[in-house]
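One structure is given here, and the rest of the page talks about it.
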Amino acid sequence: MKKIIIFILIIFFVSVLCYSSAQVKANDIIKKINNGEAVSYKNVEIMGDVDFRSVKDITLKKSSLGHKEYIVHVRVPVSFVNCSFANDFLAYINDEDEKTVHNVVFYDDAIFTGCEFKGKSAFKYVKFLKKSDFKETKYHDEAFFKYSEFNSYEDFSNSIFHKDANFKYTSFYKDTLFVEVQFKGEANFKYTKFKGLVDFSGAVFNENSNFKYTEFIKGVKFKKVKFKGDVNFKYTKFSEPVILSGTEFDKEINAKYAKVGGKSFTKYLLNLKKDK
């Protein structure tokens, strides 16, 4: 009987140890960055807000009327594979009380593959200078990528945006994948610049999608995409190839002033139907 009790206690303490080792404090990530160590985690849960204001490598970008804007320099590679962020991930912070703004620049690889953001995911104004990857990632709050810059090939494939996906004014400099992405809230790509080919094949837009003033400089694939809400292509600039085979539009499309290679997008669609 005594052996059985000891065995049960061992199993209990091992399971507790395994559970605790699967959790990482957010501050440990910042400590690694400050020590110049590569950040690499797999299959862990990050507890607490990841707040980049604690990074030591910070410079003042500008100061005006009591407001200060800082650049946070992350010079080490960061990699999170199959990790969950229990709280907020704050690579952009606008502190109105302190009148300060902090924006992060990732100088090395920034990998967030198969992750889950349970709180805020604030990447506004963030610059990804090397490889970054967000495929198979879940966002439970608004995904805030407004004004972000992606300088390498980018992959958001098979991700789920449970609320709004905000990519307004974002710049993608290389080919980009949004293949089979689930947009459950509004998808906002207004003024976004795709300088490489972008592929939305198999994506589902459950709410309204905004591509007003968006630029598809090297083409776009909307193959078998489902647009369940209104679609705004007003003033959108398309370049060929524009692939729309199997695309479903359930509600209104506003394509006023949209162009494909300088020609009317509406006429382009009509010609596609004639060719079929």
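Quick note on naming: the chains in the structure tokens go A, B, ... in the order shown, residues restart at 1 in each chain, and ligands are numbered from 1 in order of appearance.
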
Excluding Lys31 in chain A and residues on its chain fewer than 4 positions from it, collect all residues at most 10 Å away from it, counting only C-alpha atoms, and give them as a PyMOL selection string. chain A and resi 26-27+35-37+39+54-56

Contacts of Ser239 in chain A at 10 Å (only C-alpha atoms; same-chain gap of 4+ positions) as JSON, numbers by chain: {"A": [197, 215, 216, 217, 218, 219, 220, 259, 260, 261, 262, 263]}

Of the candidates A:Cys115, A:Leu177, A:Val101, A:Ala203, which one gets nearest to Gly66 in chain A if we count only C-alpha atoms? A:Val101

Just list as a CSV table (one decimal) with N, CA and C atoms, in the first residue's frame whatever in range 129-274 of chain A DSSP marks as strand (DSSP E or B).
```
chain,number,residue,atom,x,y,z
A,132,SER,N,9.6,36.7,-41.1
A,132,SER,CA,8.6,36.6,-40.1
A,132,SER,C,7.5,35.6,-40.6
A,133,ASP,N,6.8,35.0,-39.6
A,133,ASP,CA,5.9,33.9,-40.0
A,133,ASP,C,4.8,33.9,-38.9
A,138,LYS,N,-3.9,31.8,-34.1
A,138,LYS,CA,-5.2,32.2,-33.7
A,138,LYS,C,-5.2,33.6,-33.0
A,139,TYR,N,-6.1,34.4,-33.3
A,139,TYR,CA,-6.2,35.8,-32.7
A,139,TYR,C,-7.6,35.9,-32.1
A,143,ALA,N,-6.6,41.7,-34.2
A,143,ALA,CA,-5.2,41.6,-34.7
A,143,ALA,C,-4.8,43.0,-35.2
A,144,PHE,N,-3.9,43.7,-34.5
A,144,PHE,CA,-3.6,45.1,-34.8
A,144,PHE,C,-2.3,45.2,-35.5
A,149,GLU,N,5.3,46.9,-41.3
A,149,GLU,CA,6.0,46.7,-42.5
A,149,GLU,C,6.6,45.3,-42.5
A,150,PHE,N,6.4,44.5,-43.5
A,150,PHE,CA,6.9,43.2,-43.7
A,150,PHE,C,7.9,43.2,-44.8
A,154,GLU,N,6.0,36.6,-46.5
A,154,GLU,CA,5.1,36.5,-45.3
A,154,GLU,C,4.0,35.4,-45.5
A,155,ASP,N,3.8,34.7,-44.3
A,155,ASP,CA,2.8,33.7,-44.4
A,155,ASP,C,1.8,33.7,-43.2
A,160,ILE,N,-6.7,32.0,-37.9
A,160,ILE,CA,-8.1,32.3,-37.6
A,160,ILE,C,-8.1,33.7,-36.9
A,161,PHE,N,-8.8,34.6,-37.5
A,161,PHE,CA,-9.0,35.9,-36.8
A,161,PHE,C,-10.4,35.9,-36.3
A,165,ALA,N,-9.5,42.0,-38.1
A,165,ALA,CA,-8.1,41.9,-38.6
A,165,ALA,C,-7.7,43.2,-39.3
A,166,ASN,N,-6.9,44.0,-38.6
A,166,ASN,CA,-6.6,45.4,-39.0
A,166,ASN,C,-5.2,45.4,-39.7
A,171,SER,N,2.4,47.5,-45.2
A,171,SER,CA,3.2,47.3,-46.4
A,171,SER,C,3.8,45.9,-46.4
A,172,PHE,N,3.5,45.1,-47.5
A,172,PHE,CA,4.1,43.8,-47.7
A,172,PHE,C,5.0,43.9,-48.9
A,176,THR,N,3.1,37.2,-50.4
A,176,THR,CA,2.4,37.1,-49.1
A,176,THR,C,1.3,36.0,-49.2
A,177,LEU,N,1.1,35.2,-48.2
A,177,LEU,CA,0.1,34.1,-48.2
A,177,LEU,C,-0.9,34.4,-47.1
A,182,GLN,N,-9.4,32.2,-42.0
A,182,GLN,CA,-10.7,32.5,-41.5
A,182,GLN,C,-10.8,33.9,-40.9
A,183,PHE,N,-11.5,34.8,-41.6
A,183,PHE,CA,-11.7,36.2,-41.1
A,183,PHE,C,-13.1,36.2,-40.5
A,187,ALA,N,-12.3,42.4,-42.1
A,187,ALA,CA,-11.0,42.3,-42.6
A,187,ALA,C,-10.7,43.7,-43.3
A,188,ASN,N,-9.7,44.4,-42.7
A,188,ASN,CA,-9.5,45.8,-43.1
A,188,ASN,C,-8.1,45.8,-43.8
A,193,LYS,N,-0.5,48.0,-49.1
A,193,LYS,CA,0.3,47.9,-50.3
A,193,LYS,C,0.9,46.5,-50.3
A,194,PHE,N,0.5,45.7,-51.3
A,194,PHE,CA,1.1,44.4,-51.6
A,194,PHE,C,2.1,44.5,-52.7
A,198,VAL,N,0.1,38.3,-53.8
A,198,VAL,CA,-0.6,37.9,-52.6
A,198,VAL,C,-1.7,36.9,-52.9
A,199,ASP,N,-1.7,35.8,-52.1
A,199,ASP,CA,-2.6,34.7,-52.4
A,199,ASP,C,-3.6,34.5,-51.2
A,204,VAL,N,-12.0,32.6,-46.1
A,204,VAL,CA,-13.4,32.9,-45.9
A,204,VAL,C,-13.5,34.3,-45.1
A,205,PHE,N,-14.2,35.2,-45.7
A,205,PHE,CA,-14.4,36.5,-45.1
A,205,PHE,C,-15.9,36.5,-44.6
A,209,SER,N,-15.3,43.1,-45.8
A,209,SER,CA,-13.9,43.2,-46.1
A,209,SER,C,-13.6,44.5,-46.9
A,210,ASN,N,-12.6,45.2,-46.5
A,210,ASN,CA,-12.3,46.5,-47.0
A,210,ASN,C,-11.0,46.5,-47.7
A,215,GLU,N,-3.4,48.3,-53.0
A,215,GLU,CA,-2.6,48.2,-54.2
A,215,GLU,C,-2.1,46.7,-54.3
A,216,PHE,N,-2.4,46.0,-55.4
A,216,PHE,CA,-1.9,44.7,-55.6
A,216,PHE,C,-0.9,44.8,-56.8
A,220,VAL,N,-3.0,39.2,-57.6
A,220,VAL,CA,-3.7,38.7,-56.4
A,220,VAL,C,-4.5,37.5,-56.8
A,221,LYS,N,-4.5,36.5,-55.9
A,221,LYS,CA,-5.3,35.3,-56.1
A,221,LYS,C,-6.4,35.3,-55.1
A,226,LYS,N,-14.6,32.9,-50.2
A,226,LYS,CA,-16.0,33.2,-49.9
A,226,LYS,C,-16.1,34.5,-49.2
A,227,PHE,N,-16.7,35.5,-49.9
A,227,PHE,CA,-17.0,36.8,-49.3
A,227,PHE,C,-18.4,36.8,-48.8
A,231,VAL,N,-18.1,43.8,-49.8
A,231,VAL,CA,-16.7,43.9,-50.2
A,231,VAL,C,-16.5,45.3,-50.8
A,232,ASN,N,-15.5,45.9,-50.4
A,232,ASN,CA,-15.2,47.3,-50.8
A,232,ASN,C,-13.9,47.3,-51.6
A,237,LYS,N,-6.3,49.3,-56.8
A,237,LYS,CA,-5.4,49.2,-58.0
A,237,LYS,C,-4.9,47.7,-58.1
A,238,PHE,N,-5.4,47.0,-59.1
A,238,PHE,CA,-5.1,45.6,-59.4
A,238,PHE,C,-4.0,45.6,-60.5
A,242,VAL,N,-5.1,38.6,-61.9
A,242,VAL,CA,-6.2,38.7,-60.9
A,242,VAL,C,-7.0,37.4,-61.1
A,243,ILE,N,-6.8,36.5,-60.1
A,243,ILE,CA,-7.5,35.2,-60.2
A,243,ILE,C,-8.7,35.1,-59.3
A,248,GLU,N,-16.9,33.4,-54.4
A,248,GLU,CA,-18.3,33.6,-54.1
A,248,GLU,C,-18.5,34.9,-53.4
A,249,PHE,N,-19.4,35.7,-54.0
A,249,PHE,CA,-19.7,37.0,-53.4
A,249,PHE,C,-21.2,37.0,-52.9
A,253,ILE,N,-20.8,44.3,-53.8
A,253,ILE,CA,-19.4,44.6,-54.2
A,253,ILE,C,-19.4,46.1,-54.6
A,254,ASN,N,-18.5,46.9,-54.0
A,254,ASN,CA,-18.3,48.2,-54.5
A,254,ASN,C,-17.0,48.3,-55.2
A,259,LYS,N,-9.3,49.7,-60.7
A,259,LYS,CA,-8.6,49.5,-62.0
A,259,LYS,C,-7.7,48.2,-62.0
A,260,VAL,N,-7.7,47.6,-63.2
A,260,VAL,CA,-6.7,46.5,-63.4
A,260,VAL,C,-5.8,47.0,-64.5
A,263,LYS,N,-7.1,49.9,-66.4
A,263,LYS,CA,-8.4,49.7,-67.0
A,263,LYS,C,-9.5,49.4,-66.0
A,264,SER,N,-10.7,49.6,-66.3
A,264,SER,CA,-11.9,49.4,-65.4
A,264,SER,C,-11.9,48.0,-64.9
```

Per-residue DSSP, range 4-205 of chain A, filtered to alpha helix (DSSP H), as a PDB file with N, CA and C atoms, in the first residue's frame:
```pdb
ATOM      1  N   ILE A   4       2.251   1.972  -3.388  1.00  0.00           N
ATOM      2  CA  ILE A   4       1.237   2.548  -4.279  1.00  0.00           C
ATOM      3  C   ILE A   4       1.094   4.045  -4.024  1.00  0.00           C
ATOM      4  N   ILE A   5       1.077   4.420  -2.727  1.00  0.00           N
ATOM      5  CA  ILE A   5       0.948   5.839  -2.365  1.00  0.00           C
ATOM      6  C   ILE A   5       2.149   6.624  -2.871  1.00  0.00           C
ATOM      7  N   ILE A   6       3.340   6.054  -2.682  1.00  0.00           N
ATOM      8  CA  ILE A   6       4.564   6.719  -3.153  1.00  0.00           C
ATOM      9  C   ILE A   6       4.533   6.884  -4.669  1.00  0.00           C
ATOM     10  N   PHE A   7       4.081   5.831  -5.369  1.00  0.00           N
ATOM     11  CA  PHE A   7       3.988   5.877  -6.833  1.00  0.00           C
ATOM     12  C   PHE A   7       3.031   6.976  -7.282  1.00  0.00           C
ATOM     13  N   ILE A   8       1.884   7.070  -6.622  1.00  0.00           N
ATOM     14  CA  ILE A   8       0.882   8.104  -6.958  1.00  0.00           C
ATOM     15  C   ILE A   8       1.457   9.491  -6.722  1.00  0.00           C
ATOM     16  N   LEU A   9       2.191   9.653  -5.592  1.00  0.00           N
ATOM     17  CA  LEU A   9       2.801  10.949  -5.279  1.00  0.00           C
ATOM     18  C   LEU A   9       3.847  11.333  -6.318  1.00  0.00           C
ATOM     19  N   ILE A  10       4.621  10.349  -6.767  1.00  0.00           N
ATOM     20  CA  ILE A  10       5.633  10.619  -7.804  1.00  0.00           C
ATOM     21  C   ILE A  10       4.963  11.086  -9.091  1.00  0.00           C
ATOM     22  N   ILE A  11       3.908  10.366  -9.479  1.00  0.00           N
ATOM     23  CA  ILE A  11       3.162  10.742 -10.692  1.00  0.00           C
ATOM     24  C   ILE A  11       2.608  12.151 -10.558  1.00  0.00           C
ATOM     25  N   PHE A  12       2.088  12.464  -9.371  1.00  0.00           N
ATOM     26  CA  PHE A  12       1.500  13.784  -9.126  1.00  0.00           C
ATOM     27  C   PHE A  12       2.551  14.873  -9.260  1.00  0.00           C
ATOM     28  N   PHE A  13       3.698  14.690  -8.607  1.00  0.00           N
ATOM     29  CA  PHE A  13       4.736  15.731  -8.638  1.00  0.00           C
ATOM     30  C   PHE A  13       5.366  15.871 -10.015  1.00  0.00           C
ATOM     31  N   VAL A  14       5.483  14.751 -10.731  1.00  0.00           N
ATOM     32  CA  VAL A  14       6.014  14.825 -12.102  1.00  0.00           C
ATOM     33  C   VAL A  14       5.068  15.603 -13.011  1.00  0.00           C
ATOM     34  N   SER A  15       3.760  15.325 -12.844  1.00  0.00           N
ATOM     35  CA  SER A  15       2.764  16.036 -13.675  1.00  0.00           C
ATOM     36  C   SER A  15       2.750  17.513 -13.337  1.00  0.00           C
ATOM     37  N   VAL A  16       2.890  17.853 -12.067  1.00  0.00           N
ATOM     38  CA  VAL A  16       2.944  19.266 -11.657  1.00  0.00           C
ATOM     39  C   VAL A  16       4.177  19.937 -12.227  1.00  0.00           C
ATOM     40  N   LEU A  17       5.308  19.210 -12.173  1.00  0.00           N
ATOM     41  CA  LEU A  17       6.557  19.747 -12.709  1.00  0.00           C
ATOM     42  C   LEU A  17       6.459  19.994 -14.205  1.00  0.00           C
ATOM     43  N   CYS A  18       5.858  19.024 -14.900  1.00  0.00           N
ATOM     44  CA  CYS A  18       5.693  19.165 -16.359  1.00  0.00           C
ATOM     45  C   CYS A  18       4.794  20.339 -16.694  1.00  0.00           C
ATOM     46  N   TYR A  19       3.729  20.498 -15.894  1.00  0.00           N
ATOM     47  CA  TYR A  19       2.798  21.595 -16.149  1.00  0.00           C
ATOM     48  C   TYR A  19       3.469  22.939 -15.930  1.00  0.00           C
ATOM     49  N   SER A  20       4.216  23.033 -14.826  1.00  0.00           N
ATOM     50  CA  SER A  20       4.859  24.310 -14.516  1.00  0.00           C
ATOM     51  C   SER A  20       5.962  24.632 -15.513  1.00  0.00           C
ATOM     52  N   SER A  21       6.668  23.583 -16.010  1.00  0.00           N
ATOM     53  CA  SER A  21       7.735  23.825 -16.971  1.00  0.00           C
ATOM     54  C   SER A  21       7.182  24.247 -18.320  1.00  0.00           C
ATOM     55  N   ALA A  26       6.378  36.205 -18.968  1.00  0.00           N
ATOM     56  CA  ALA A  26       6.642  37.174 -20.038  1.00  0.00           C
ATOM     57  C   ALA A  26       7.939  37.940 -19.787  1.00  0.00           C
ATOM     58  N   ASN A  27       8.234  38.212 -18.535  1.00  0.00           N
ATOM     59  CA  ASN A  27       9.461  38.951 -18.198  1.00  0.00           C
ATOM     60  C   ASN A  27      10.720  38.200 -18.617  1.00  0.00           C
ATOM     61  N   ASP A  28      10.641  36.850 -18.654  1.00  0.00           N
ATOM     62  CA  ASP A  28      11.806  36.064 -19.064  1.00  0.00           C
ATOM     63  C   ASP A  28      12.176  36.333 -20.516  1.00  0.00           C
ATOM     64  N   ILE A  29      11.159  36.623 -21.335  1.00  0.00           N
ATOM     65  CA  ILE A  29      11.413  36.951 -22.748  1.00  0.00           C
ATOM     66  C   ILE A  29      12.180  38.267 -22.847  1.00  0.00           C
ATOM     67  N   ILE A  30      11.733  39.250 -22.092  1.00  0.00           N
ATOM     68  CA  ILE A  30      12.400  40.554 -22.104  1.00  0.00           C
ATOM     69  C   ILE A  30      13.824  40.440 -21.570  1.00  0.00           C
ATOM     70  N   LYS A  31      14.023  39.614 -20.541  1.00  0.00           N
ATOM     71  CA  LYS A  31      15.367  39.412 -19.978  1.00  0.00           C
ATOM     72  C   LYS A  31      16.317  38.847 -21.027  1.00  0.00           C
ATOM     73  N   LYS A  32      15.832  37.878 -21.789  1.00  0.00           N
ATOM     74  CA  LYS A  32      16.657  37.287 -22.842  1.00  0.00           C
ATOM     75  C   LYS A  32      17.054  38.348 -23.876  1.00  0.00           C
ATOM     76  N   ILE A  33      16.102  39.172 -24.279  1.00  0.00           N
ATOM     77  CA  ILE A  33      16.388  40.224 -25.257  1.00  0.00           C
ATOM     78  C   ILE A  33      17.426  41.191 -24.702  1.00  0.00           C
ATOM     79  N   ASN A  34      17.275  41.585 -23.456  1.00  0.00           N
ATOM     80  CA  ASN A  34      18.224  42.520 -22.831  1.00  0.00           C
ATOM     81  C   ASN A  34      19.607  41.910 -22.662  1.00  0.00           C
TER      82      ASN A  34
END
```

Please provide as a PDB file with N, CA and C atoms, in the first residue's frame all residues within 6 Å of Thr247 in chain A, with the sequence filter that same-chain residues fewer than 2 positions apart are discarded (counting only C-alpha atoms).
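Wrote around.pdb, looks like this:
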```pdb
ATOM      1  N   LYS A 223      -8.811  32.775 -55.489  1.00  0.00           N
ATOM      2  CA  LYS A 223      -9.377  31.513 -55.945  1.00  0.00           C
ATOM      3  C   LYS A 223     -10.169  30.824 -54.828  1.00  0.00           C
ATOM      4  N   LYS A 224     -11.436  30.513 -55.138  1.00  0.00           N
ATOM      5  CA  LYS A 224     -12.343  29.826 -54.208  1.00  0.00           C
ATOM      6  C   LYS A 224     -12.488  30.543 -52.863  1.00  0.00           C
ATOM      7  N   VAL A 225     -12.412  31.852 -52.911  1.00  0.00           N
ATOM      8  CA  VAL A 225     -12.627  32.663 -51.706  1.00  0.00           C
ATOM      9  C   VAL A 225     -14.122  32.887 -51.508  1.00  0.00           C
ATOM     10  N   LEU A 244      -9.862  34.953 -59.950  1.00  0.00           N
ATOM     11  CA  LEU A 244     -11.134  34.965 -59.226  1.00  0.00           C
ATOM     12  C   LEU A 244     -11.944  33.686 -59.458  1.00  0.00           C
ATOM     13  N   SER A 245     -11.314  32.654 -59.941  1.00  0.00           N
ATOM     14  CA  SER A 245     -12.040  31.418 -60.247  1.00  0.00           C
ATOM     15  C   SER A 245     -12.604  30.788 -58.981  1.00  0.00           C
TER      16      SER A 245
END
```

Compile a residue-level contact table for range 17-78 of chain A against range 87-98 of chain A at a cut-off of 6 Å, reporting for every qualifying residue the shortest atom pair and its distance in Å to one decimal, with only C-alpha atoms counted, rows ordered by chain and ascending number, as JSON lines.
```
{"residue": "A:Gly48", "atom": "CA", "partner": "A:Asn87", "partner_atom": "CA", "distance": 5.4}
{"residue": "A:Asp49", "atom": "CA", "partner": "A:Asp88", "partner_atom": "CA", "distance": 4.7}
{"residue": "A:Val50", "atom": "CA", "partner": "A:Phe89", "partner_atom": "CA", "distance": 4.8}
{"residue": "A:Asp51", "atom": "CA", "partner": "A:Leu90", "partner_atom": "CA", "distance": 5.2}
{"residue": "A:Phe52", "atom": "CA", "partner": "A:Ala91", "partner_atom": "CA", "distance": 5.9}
```

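Distance-wise, CA of Ser84 in chain A and CA of Ile46 in chain A end up 6.2 Å apart.
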
Excluding same-chain residues fewer than 3 positions from Val72 in chain A, what lies within 8 Å of it counting only C-alpha atoms, as number ranges by chain? A: 52-53, 55, 57-59, 102-105

Rank nothing, just name the residue among A:His140, A:Arg75, A:Lys267, A:Lys135 nearest to Asp109 in chain A, using only C-alpha atoms.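 Ranked by minimum distance to Asp109 in chain A, first place goes to A:Arg75.
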
Select, from A:Lys130, A:Lys120, A:Lys146, A:Lys251, the residue with the minimum atom-to-atom distance to Lys163 in chain A, counting only C-alpha atoms. A:Lys120

So how many Å separate CA of Lys131 in chain A and CA of Thr214 in chain A, to one decimal?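 We find that CA of Lys131 in chain A and CA of Thr214 in chain A lie 23.2 Å from each other.
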
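Take CA of Tyr268 in chain A and CA of Gly246 in chain A: the distance between them is 16.3 Å.
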
Selected residue of minimal separation from Gly229 in chain A among A:Glu45, A:Lys61, A:Asn208, A:Glu186, counting only C-alpha atoms: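 Among the listed residues, the smallest separation from Gly229 in chain A belongs to A:Asn208.
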
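With only C-alpha atoms as the atoms that count, the minimum distance from Glu207 in chain A to the choices A:Lys168, A:Asp250, A:Lys25, A:Tyr173 is reached by A:Asp250.
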